[in-house]
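Visitor: Contents are mmCIF, C-alpha atoms; file name final-v6.cif:
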data_protein
#
loop_
_atom_site.label_atom_id
_atom_site.label_comp_id
_atom_site.auth_asym_id
_atom_site.auth_seq_id
_atom_site.Cartn_x
_atom_site.Cartn_y
_atom_site.Cartn_z
CA MET P 475 77.21 11.08 -15.78
CA PRO P 476 74.36 10.42 -18.20
CA GLY P 477 71.14 9.07 -16.77
CA LEU P 478 67.39 8.86 -17.18
CA LEU P 479 64.69 11.31 -16.14
CA LEU P 480 61.08 10.52 -15.31
CA GLY P 481 59.12 10.29 -18.54
CA ASP P 482 62.14 9.32 -20.64
CA VAL P 483 61.79 6.32 -22.93
CA ILE P 484 64.00 3.49 -21.67
CA PRO P 485 66.61 2.62 -24.32
CA ASP P 486 65.73 -0.53 -26.23
CA PHE P 487 69.03 -2.25 -25.58
CA GLU P 488 69.98 -5.84 -26.36
CA ALA P 489 72.03 -7.73 -23.79
CA ALA P 490 73.18 -11.19 -22.75
CA SER P 491 71.41 -12.57 -19.70
CA THR P 492 70.98 -15.77 -17.74
CA HIS P 493 67.79 -16.38 -19.76
CA GLY P 494 69.55 -15.84 -23.08
CA LYS P 495 69.87 -12.69 -25.16
CA ILE P 496 67.06 -10.24 -24.48
CA LYS P 497 65.92 -7.09 -26.22
CA LEU P 498 64.36 -5.00 -23.49
CA HIS P 499 61.24 -3.63 -25.21
CA GLN P 500 60.42 -6.99 -26.73
CA PHE P 501 60.98 -8.71 -23.38
CA LEU P 502 58.63 -6.31 -21.60
CA GLY P 503 55.93 -6.38 -24.26
CA ASN P 504 52.86 -4.57 -22.91
CA SER P 505 53.80 -5.26 -19.29
CA TRP P 506 55.13 -3.04 -16.56
CA GLY P 507 58.78 -3.68 -15.82
CA ILE P 508 61.41 -3.30 -13.12
CA LEU P 509 65.08 -3.04 -14.04
CA PHE P 510 67.29 -3.16 -10.96
CA SER P 511 71.06 -3.24 -10.64
CA HIS P 512 73.30 -4.56 -7.88
CA PRO P 513 76.98 -3.92 -7.14
CA ARG P 514 78.45 -7.43 -7.28
CA ASP P 515 77.56 -11.11 -7.42
CA TYR P 516 78.12 -13.34 -4.38
CA THR P 517 78.02 -10.41 -1.94
CA PRO P 518 75.85 -10.77 1.20
CA VAL P 519 73.50 -7.79 0.76
CA CYS P 520 72.95 -8.47 -2.94
CA THR P 521 72.15 -12.10 -2.13
CA THR P 522 69.46 -11.05 0.35
CA GLU P 523 68.00 -8.63 -2.21
CA LEU P 524 67.72 -11.09 -5.07
CA GLY P 525 66.53 -13.75 -2.67
CA ARG P 526 63.73 -11.43 -1.61
CA ALA P 527 62.94 -10.62 -5.25
CA VAL P 528 62.62 -14.35 -5.98
CA ARG P 529 60.22 -14.82 -3.04
CA LEU P 530 58.07 -11.94 -4.27
CA CYS P 531 58.00 -12.98 -7.93
CA ALA P 532 54.37 -14.10 -7.70
CA ASP P 533 53.39 -10.72 -6.22
CA PHE P 534 55.07 -8.85 -9.05
CA ARG P 535 53.56 -11.23 -11.60
CA ARG P 536 50.05 -10.61 -10.25
CA ARG P 537 50.62 -6.93 -10.92
CA GLY P 538 51.67 -7.66 -14.50
CA VAL P 539 55.29 -6.71 -13.80
CA LYS P 540 58.35 -8.32 -15.40
CA MET P 541 61.66 -8.13 -13.54
CA VAL P 542 65.19 -7.81 -14.91
CA ALA P 543 68.35 -7.62 -12.80
CA LEU P 544 71.75 -6.28 -13.90
CA SER P 545 75.32 -6.19 -12.67
CA ILE P 546 78.83 -5.85 -14.06
CA ASP P 547 79.69 -9.52 -13.50
CA THR P 548 79.85 -12.22 -16.17
CA LEU P 549 77.17 -14.69 -17.18
CA GLU P 550 79.21 -17.49 -15.63
CA ASP P 551 79.23 -15.61 -12.32
CA HIS P 552 75.50 -14.93 -12.59
CA ARG P 553 74.71 -18.60 -13.14
CA GLY P 554 76.82 -19.76 -10.24
CA TRP P 555 75.46 -17.07 -7.96
CA SER P 556 71.87 -17.91 -8.91
CA LYS P 557 72.36 -21.35 -7.35
CA ASP P 558 73.62 -19.70 -4.16
CA ILE P 559 70.56 -17.44 -4.05
CA LEU P 560 68.22 -20.40 -4.42
CA ALA P 561 70.10 -22.21 -1.67
CA TYR P 562 69.82 -19.10 0.53
CA ASN P 563 66.04 -19.22 -0.06
CA ASN P 564 65.94 -22.99 0.56
CA GLU P 565 64.49 -23.36 -2.94
CA GLU P 566 65.31 -25.59 -5.87
CA SER P 567 65.16 -25.09 -9.62
CA ALA P 568 65.71 -27.70 -12.29
CA SER P 569 67.57 -25.13 -14.40
CA GLY P 570 69.43 -23.61 -11.46
CA LEU P 571 68.26 -20.18 -12.67
CA LEU P 572 66.19 -17.50 -11.03
CA PRO P 573 62.67 -16.81 -12.39
CA PHE P 574 63.87 -13.53 -13.89
CA PRO P 575 66.95 -12.79 -16.04
CA ILE P 576 70.18 -11.23 -14.77
CA ILE P 577 71.94 -9.12 -17.40
CA ALA P 578 75.73 -9.38 -17.70
CA ASP P 579 77.22 -5.92 -18.20
CA SER P 580 80.90 -6.74 -17.69
CA LYS P 581 82.01 -3.83 -19.91
CA ARG P 582 79.80 -1.41 -17.91
CA GLU P 583 78.25 -0.10 -21.14
CA LEU P 584 74.66 -0.23 -19.89
CA ALA P 585 75.61 0.94 -16.41
CA VAL P 586 77.22 4.05 -17.88
CA ALA P 587 74.42 4.74 -20.36
CA LEU P 588 71.73 4.40 -17.67
CA GLY P 589 73.61 6.28 -14.94
CA MET P 590 73.89 3.26 -12.64
CA LEU P 591 77.51 3.55 -11.49
CA ASP P 592 78.43 4.50 -7.92
CA PRO P 593 81.62 6.62 -8.01
CA ASP P 594 82.34 5.90 -4.33
CA GLU P 595 82.22 2.10 -4.62
CA LYS P 596 85.11 0.59 -6.56
CA ASP P 597 86.42 -2.90 -7.25
CA LYS P 598 89.98 -4.10 -6.64
CA ASP P 599 91.08 -2.48 -9.92
CA GLY P 600 89.66 0.90 -8.95
CA MET P 601 86.68 0.65 -11.33
CA PRO P 602 83.29 1.91 -10.08
CA LEU P 603 80.62 -0.65 -9.26
CA THR P 604 76.93 -0.42 -10.06
CA ALA P 605 74.79 1.18 -7.38
CA ARG P 606 71.46 -0.29 -6.24
CA CYS P 607 69.28 1.36 -8.89
CA VAL P 608 65.61 0.66 -9.49
CA PHE P 609 63.80 1.74 -12.65
CA VAL P 610 60.04 1.17 -12.86
CA ILE P 611 59.02 1.12 -16.51
CA GLY P 612 55.46 1.59 -17.75
CA PRO P 613 53.78 -0.29 -20.63
CA ASP P 614 54.65 2.75 -22.78
CA LYS P 615 58.36 2.02 -22.09
CA ARG P 616 58.75 5.30 -20.20
CA LEU P 617 60.42 5.68 -16.82
CA LYS P 618 57.73 6.01 -14.15
CA LEU P 619 59.89 5.91 -11.02
CA SER P 620 63.57 5.68 -10.14
CA LEU P 621 65.25 4.87 -6.82
CA LEU P 622 68.96 4.97 -6.09
CA TYR P 623 70.49 3.25 -3.07
CA PRO P 624 74.18 3.12 -2.11
CA ALA P 625 75.90 -0.26 -1.95
CA SER P 626 75.76 -0.17 1.85
CA THR P 627 71.93 -0.11 2.00
CA GLY P 628 69.70 -2.95 0.79
CA ARG P 629 66.42 -2.13 -0.92
CA ASN P 630 62.92 -2.45 0.55
CA PHE P 631 61.01 -4.67 -1.89
CA ASP P 632 57.74 -4.23 0.01
CA GLU P 633 58.04 -0.52 -0.80
CA LEU P 634 58.51 -1.39 -4.48
CA LEU P 635 55.21 -3.27 -4.42
CA ARG P 636 53.53 -0.34 -2.67
CA VAL P 637 54.71 2.23 -5.20
CA LEU P 638 53.77 -0.09 -8.06
CA ASP P 639 50.21 -0.24 -6.71
CA SER P 640 50.15 3.55 -6.57
CA LEU P 641 51.66 3.98 -10.04
CA GLN P 642 49.20 1.54 -11.58
CA LEU P 643 46.24 3.14 -9.82
CA THR P 644 47.25 6.67 -10.80
CA ALA P 645 47.86 5.54 -14.39
CA GLU P 646 44.21 4.46 -14.58
CA ARG P 647 42.62 7.21 -12.52
CA ARG P 648 43.32 10.90 -12.14
CA VAL P 649 44.18 10.50 -8.47
CA ALA P 650 47.08 10.95 -6.05
CA THR P 651 47.89 8.64 -3.14
CA PRO P 652 48.90 10.06 0.27
CA ALA P 653 51.90 9.24 2.44
CA ASP P 654 52.22 5.57 3.43
CA TRP P 655 49.15 4.62 1.33
CA LYS P 656 48.69 0.89 0.80
CA VAL P 657 46.13 -1.18 -1.06
CA GLY P 658 43.77 -2.94 1.31
CA ASN P 659 43.87 -0.28 4.01
CA THR P 660 40.31 1.03 3.71
CA SER P 661 41.04 3.84 6.16
CA GLU P 662 43.37 5.40 3.61
CA ARG P 663 42.08 7.88 1.07
CA VAL P 664 43.16 9.02 -2.37
CA ALA P 665 42.98 12.56 -3.72
CA VAL P 666 40.91 12.98 -6.88
CA SER P 667 41.32 15.95 -9.21
CA HIS P 668 38.07 17.83 -9.81
CA PRO P 669 37.35 19.91 -12.94
CA SER P 670 37.20 22.97 -10.67
CA GLY P 671 40.88 22.46 -9.90
CA ARG P 672 40.25 21.39 -6.32
CA LEU P 673 41.19 18.02 -4.87
CA HIS P 674 38.48 15.79 -3.44
CA TRP P 675 39.22 12.90 -1.10
CA TYR P 676 37.74 9.46 -1.68
CA ARG P 677 38.13 6.14 0.05
CA LEU P 678 39.41 3.21 -1.98
CA ILE P 679 36.81 0.48 -1.42
CA SER P 680 37.81 -2.17 -3.95
CA VAL P 681 40.79 -3.15 -6.06
CA SER P 682 39.24 -5.98 -8.08
CA PRO P 683 38.22 -6.33 -10.84
CA ALA P 684 38.82 -2.58 -11.16
CA TRP P 685 39.64 0.30 -8.89
CA ARG P 686 36.51 1.76 -7.23
CA LEU P 687 36.41 4.94 -5.19
CA ARG P 688 33.74 6.30 -2.88
CA ASP P 689 33.29 9.60 -1.10
CA GLY P 690 31.35 10.19 2.13
CA SER P 691 27.98 10.20 0.33
CA SER P 692 28.66 6.85 -1.44
CA ARG P 693 28.75 8.54 -4.82
CA HIS P 694 30.89 6.49 -7.23
CA VAL P 695 33.36 8.03 -9.64
#
Could you write out this structure as structure tokens?

Guide:
Amino acid sequence: MPGLLLGDVIPDFEAASTHGKIKLHQFLGNSWGILFSHPRDYTPVCTTELGRAVRLCADFRRRGVKMVALSIDTLEDHRGWSKDILAYNNEESASGLLPFPIIADSKRELAVALGMLDPDEKDKDGMPLTARCVFVIGPDKRLKLSLLYPASTGRNFDELLRVLDSLQLTAERRVATPADWKVGNTSERVAVSHPSGRLHWYRLISVSPAWRLRDGSSRHV
């Protein structure tokens, strides 16, 4: 099954969505992006996932990230389901739409091209459903991270925010973040590449207005 590898340019597809027709690269502009698929509209786990995504929209926006969802259902289904998601969140919207678009891929063309189908999960007609894929796309339109969950396991959106912080930091600095690293935990350190080829450890002491690192002798880099 065809798919994407890290570093690949995301195809600049055009698709119908709940926010109208979108062309992916134009929609993203110079922003980071997240393209995530779900197996089916109106299903319990998918409802909790998109509900969580709606609640975290401001957090993604602060990071300069645009979100796009996708499934193999129709636009009519997406619009009706969006109202259910808002009701699940106890939220209201004048348009009845979510703050991010949901792409309708009823012919499975994008799902096949992007390697999003789960061969073990099928609909009543025996056709495979989309898995819970996550593609993090950089401003250069290249794939920076991909996650693939089965239909039976909902995604951890807090982890998506964590890896976005790491990806954005490491895109700006020649550093590597350790296991379980989070912004704001000043006890955590990041590894910094040195011209000698060795790694030096620094503490992250500030994230605004720019990343600042400090080693034990308070020497800034």

Visitor: Could you check which of P:Val519, P:Ala578, P:Ile484, P:Ala489 is closest to Ile559 in chain P, using all atoms listed in the file?

Guide: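 Looking at the shortest contact to Ile559 in chain P, the residue is P:Val519.
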
Visitor: Scan for residues within 8 Å of the point (53.8, -6.3, -19.6) in the coordinates of the file, using only C-alpha atoms, and reply as a list in words.

Guide: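 Selection result: Leu502, Gly503, Asn504, Ser505, Trp506, Gly507, Gly538, Val539, Lys540 and Pro613 of chain P.
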
Visitor: In Å, with one decimal, what is the gap from CA of Leu478 in chain P to CA of Leu591 in chain P?

Guide: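 About the pair CA of Leu478 in chain P and CA of Leu591 in chain P: they are 12.8 Å apart.
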
Visitor: List every protein, DNA or RNA residue with an atom no more than 8 Å from (73.1, -8.4, 1.6) in the file's coordinates, counting only C-alpha atoms, and format the result as a list in words.

Guide: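 Selection result: Thr517, Pro518, Val519, Cys520, Thr521, Thr522, Glu523 and Gly628 of chain P.
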
Visitor: Mind writing the picked residues with C-alpha atoms as a PDB file, in the coordinates of the input?

Guide:
ATOM      1  CA  THR P 517      78.020 -10.410  -1.940  1.00  0.00           C
ATOM      2  CA  PRO P 518      75.850 -10.770   1.200  1.00  0.00           C
ATOM      3  CA  VAL P 519      73.500  -7.790   0.760  1.00  0.00           C
ATOM      4  CA  CYS P 520      72.950  -8.470  -2.940  1.00  0.00           C
ATOM      5  CA  THR P 521      72.150 -12.100  -2.130  1.00  0.00           C
ATOM      6  CA  THR P 522      69.460 -11.050   0.350  1.00  0.00           C
ATOM      7  CA  GLU P 523      68.000  -8.630  -2.210  1.00  0.00           C
ATOM      8  CA  GLY P 628      69.700  -2.950   0.790  1.00  0.00           C
TER       9      GLY P 628
END

Visitor: For CA of Pro575 in chain P and CA of Val483 in chain P, determine how far apart the two atoms are, in Å to one decimal place.

Guide: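 Computed distance, CA of Pro575 in chain P to CA of Val483 in chain P, equals 21.0 Å.
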
Visitor: If you measure from CA of Ala543 in chain P to CA of Ile508 in chain P, what distance in Å do you get, rounded to one decimal?

Guide: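 About the pair CA of Ala543 in chain P and CA of Ile508 in chain P: they are 8.2 Å apart.
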
Visitor: Using all atoms listed in the file, which of P:Leu638, P:Lys656, P:Ser620, P:Arg648 sits nearest Leu479 in chain P?

Guide: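 So, comparing all the options, the nearest one is P:Ser620.
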
Visitor: Give me range 495-506 of chain P with all heavy atoms filled in, as a short mmCIF file (atom, residue, chain, number, x, y, z; two decimals), keeping the file's coordinate frame.

Guide:
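After the write, rebuild25.cif holds the following:
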data_model
loop_
_atom_site.label_atom_id
_atom_site.label_comp_id
_atom_site.auth_asym_id
_atom_site.auth_seq_id
_atom_site.Cartn_x
_atom_site.Cartn_y
_atom_site.Cartn_z
N LYS P 495 69.82 -14.09 -24.70
CA LYS P 495 69.87 -12.69 -25.16
C LYS P 495 68.48 -12.09 -25.12
O LYS P 495 67.51 -12.70 -25.59
CB LYS P 495 70.44 -12.63 -26.58
CG LYS P 495 70.72 -11.21 -27.07
CD LYS P 495 71.63 -11.21 -28.30
CE LYS P 495 73.05 -11.58 -27.91
NZ LYS P 495 74.00 -11.39 -29.05
N ILE P 496 68.35 -10.91 -24.54
CA ILE P 496 67.06 -10.24 -24.48
C ILE P 496 67.16 -8.85 -25.09
O ILE P 496 68.19 -8.18 -24.99
CB ILE P 496 66.51 -10.13 -23.03
CG1 ILE P 496 67.43 -9.27 -22.16
CG2 ILE P 496 66.30 -11.49 -22.41
CD1 ILE P 496 66.83 -8.95 -20.80
N LYS P 497 66.09 -8.46 -25.75
CA LYS P 497 65.92 -7.09 -26.22
C LYS P 497 64.84 -6.50 -25.33
O LYS P 497 63.72 -7.02 -25.28
CB LYS P 497 65.50 -7.08 -27.69
CG LYS P 497 65.62 -5.71 -28.33
CD LYS P 497 65.47 -5.78 -29.85
CE LYS P 497 65.71 -4.40 -30.45
NZ LYS P 497 65.58 -4.43 -31.93
N LEU P 498 65.18 -5.44 -24.61
CA LEU P 498 64.36 -5.00 -23.49
C LEU P 498 62.91 -4.76 -23.85
O LEU P 498 61.99 -5.29 -23.20
CB LEU P 498 64.95 -3.75 -22.84
CG LEU P 498 64.21 -3.30 -21.57
CD1 LEU P 498 64.34 -4.34 -20.47
CD2 LEU P 498 64.70 -1.95 -21.09
N HIS P 499 62.63 -3.96 -24.87
CA HIS P 499 61.24 -3.63 -25.21
C HIS P 499 60.46 -4.88 -25.61
O HIS P 499 59.28 -5.03 -25.24
CB HIS P 499 61.20 -2.60 -26.33
CG HIS P 499 61.62 -1.23 -25.89
ND1 HIS P 499 61.33 -0.09 -26.62
CD2 HIS P 499 62.28 -0.79 -24.79
CE1 HIS P 499 61.82 0.98 -26.00
NE2 HIS P 499 62.41 0.57 -24.89
N GLN P 500 61.09 -5.75 -26.34
CA GLN P 500 60.42 -6.99 -26.73
C GLN P 500 60.17 -7.87 -25.52
O GLN P 500 59.11 -8.50 -25.39
CB GLN P 500 61.27 -7.74 -27.75
CG GLN P 500 60.62 -9.02 -28.29
CD GLN P 500 61.52 -9.72 -29.31
OE1 GLN P 500 62.73 -9.57 -29.29
NE2 GLN P 500 60.92 -10.47 -30.19
N PHE P 501 61.14 -7.92 -24.60
CA PHE P 501 60.98 -8.71 -23.38
C PHE P 501 59.82 -8.20 -22.55
O PHE P 501 59.02 -8.99 -22.02
CB PHE P 501 62.27 -8.66 -22.56
CG PHE P 501 62.16 -9.28 -21.20
CD1 PHE P 501 62.22 -10.65 -21.03
CD2 PHE P 501 61.99 -8.47 -20.08
CE1 PHE P 501 62.11 -11.22 -19.77
CE2 PHE P 501 61.88 -9.03 -18.81
CZ PHE P 501 61.94 -10.41 -18.67
N LEU P 502 59.69 -6.89 -22.42
CA LEU P 502 58.63 -6.31 -21.60
C LEU P 502 57.26 -6.43 -22.26
O LEU P 502 56.25 -6.60 -21.57
CB LEU P 502 58.94 -4.84 -21.31
CG LEU P 502 60.16 -4.55 -20.43
CD1 LEU P 502 60.39 -3.05 -20.32
CD2 LEU P 502 60.01 -5.17 -19.05
N GLY P 503 57.21 -6.34 -23.58
CA GLY P 503 55.93 -6.38 -24.26
C GLY P 503 55.03 -5.25 -23.79
O GLY P 503 55.46 -4.09 -23.74
N ASN P 504 53.79 -5.57 -23.41
CA ASN P 504 52.86 -4.57 -22.91
C ASN P 504 52.80 -4.54 -21.39
O ASN P 504 51.89 -3.96 -20.80
CB ASN P 504 51.46 -4.83 -23.46
CG ASN P 504 51.40 -4.65 -24.97
OD1 ASN P 504 52.02 -3.74 -25.53
ND2 ASN P 504 50.67 -5.53 -25.65
N SER P 505 53.78 -5.17 -20.75
CA SER P 505 53.80 -5.26 -19.29
C SER P 505 54.51 -4.06 -18.66
O SER P 505 55.25 -3.33 -19.32
CB SER P 505 54.52 -6.53 -18.85
OG SER P 505 53.89 -7.69 -19.35
N TRP P 506 54.28 -3.90 -17.38
CA TRP P 506 55.13 -3.04 -16.56
C TRP P 506 56.43 -3.78 -16.35
O TRP P 506 56.50 -5.01 -16.48
CB TRP P 506 54.47 -2.75 -15.23
CG TRP P 506 53.31 -1.79 -15.29
CD1 TRP P 506 52.06 -2.05 -15.77
CD2 TRP P 506 53.31 -0.44 -14.86
NE1 TRP P 506 51.27 -0.93 -15.67
CE2 TRP P 506 52.01 0.08 -15.11
CE3 TRP P 506 54.26 0.41 -14.28
CZ2 TRP P 506 51.65 1.38 -14.80
CZ3 TRP P 506 53.90 1.71 -13.97
CH2 TRP P 506 52.61 2.19 -14.25
#
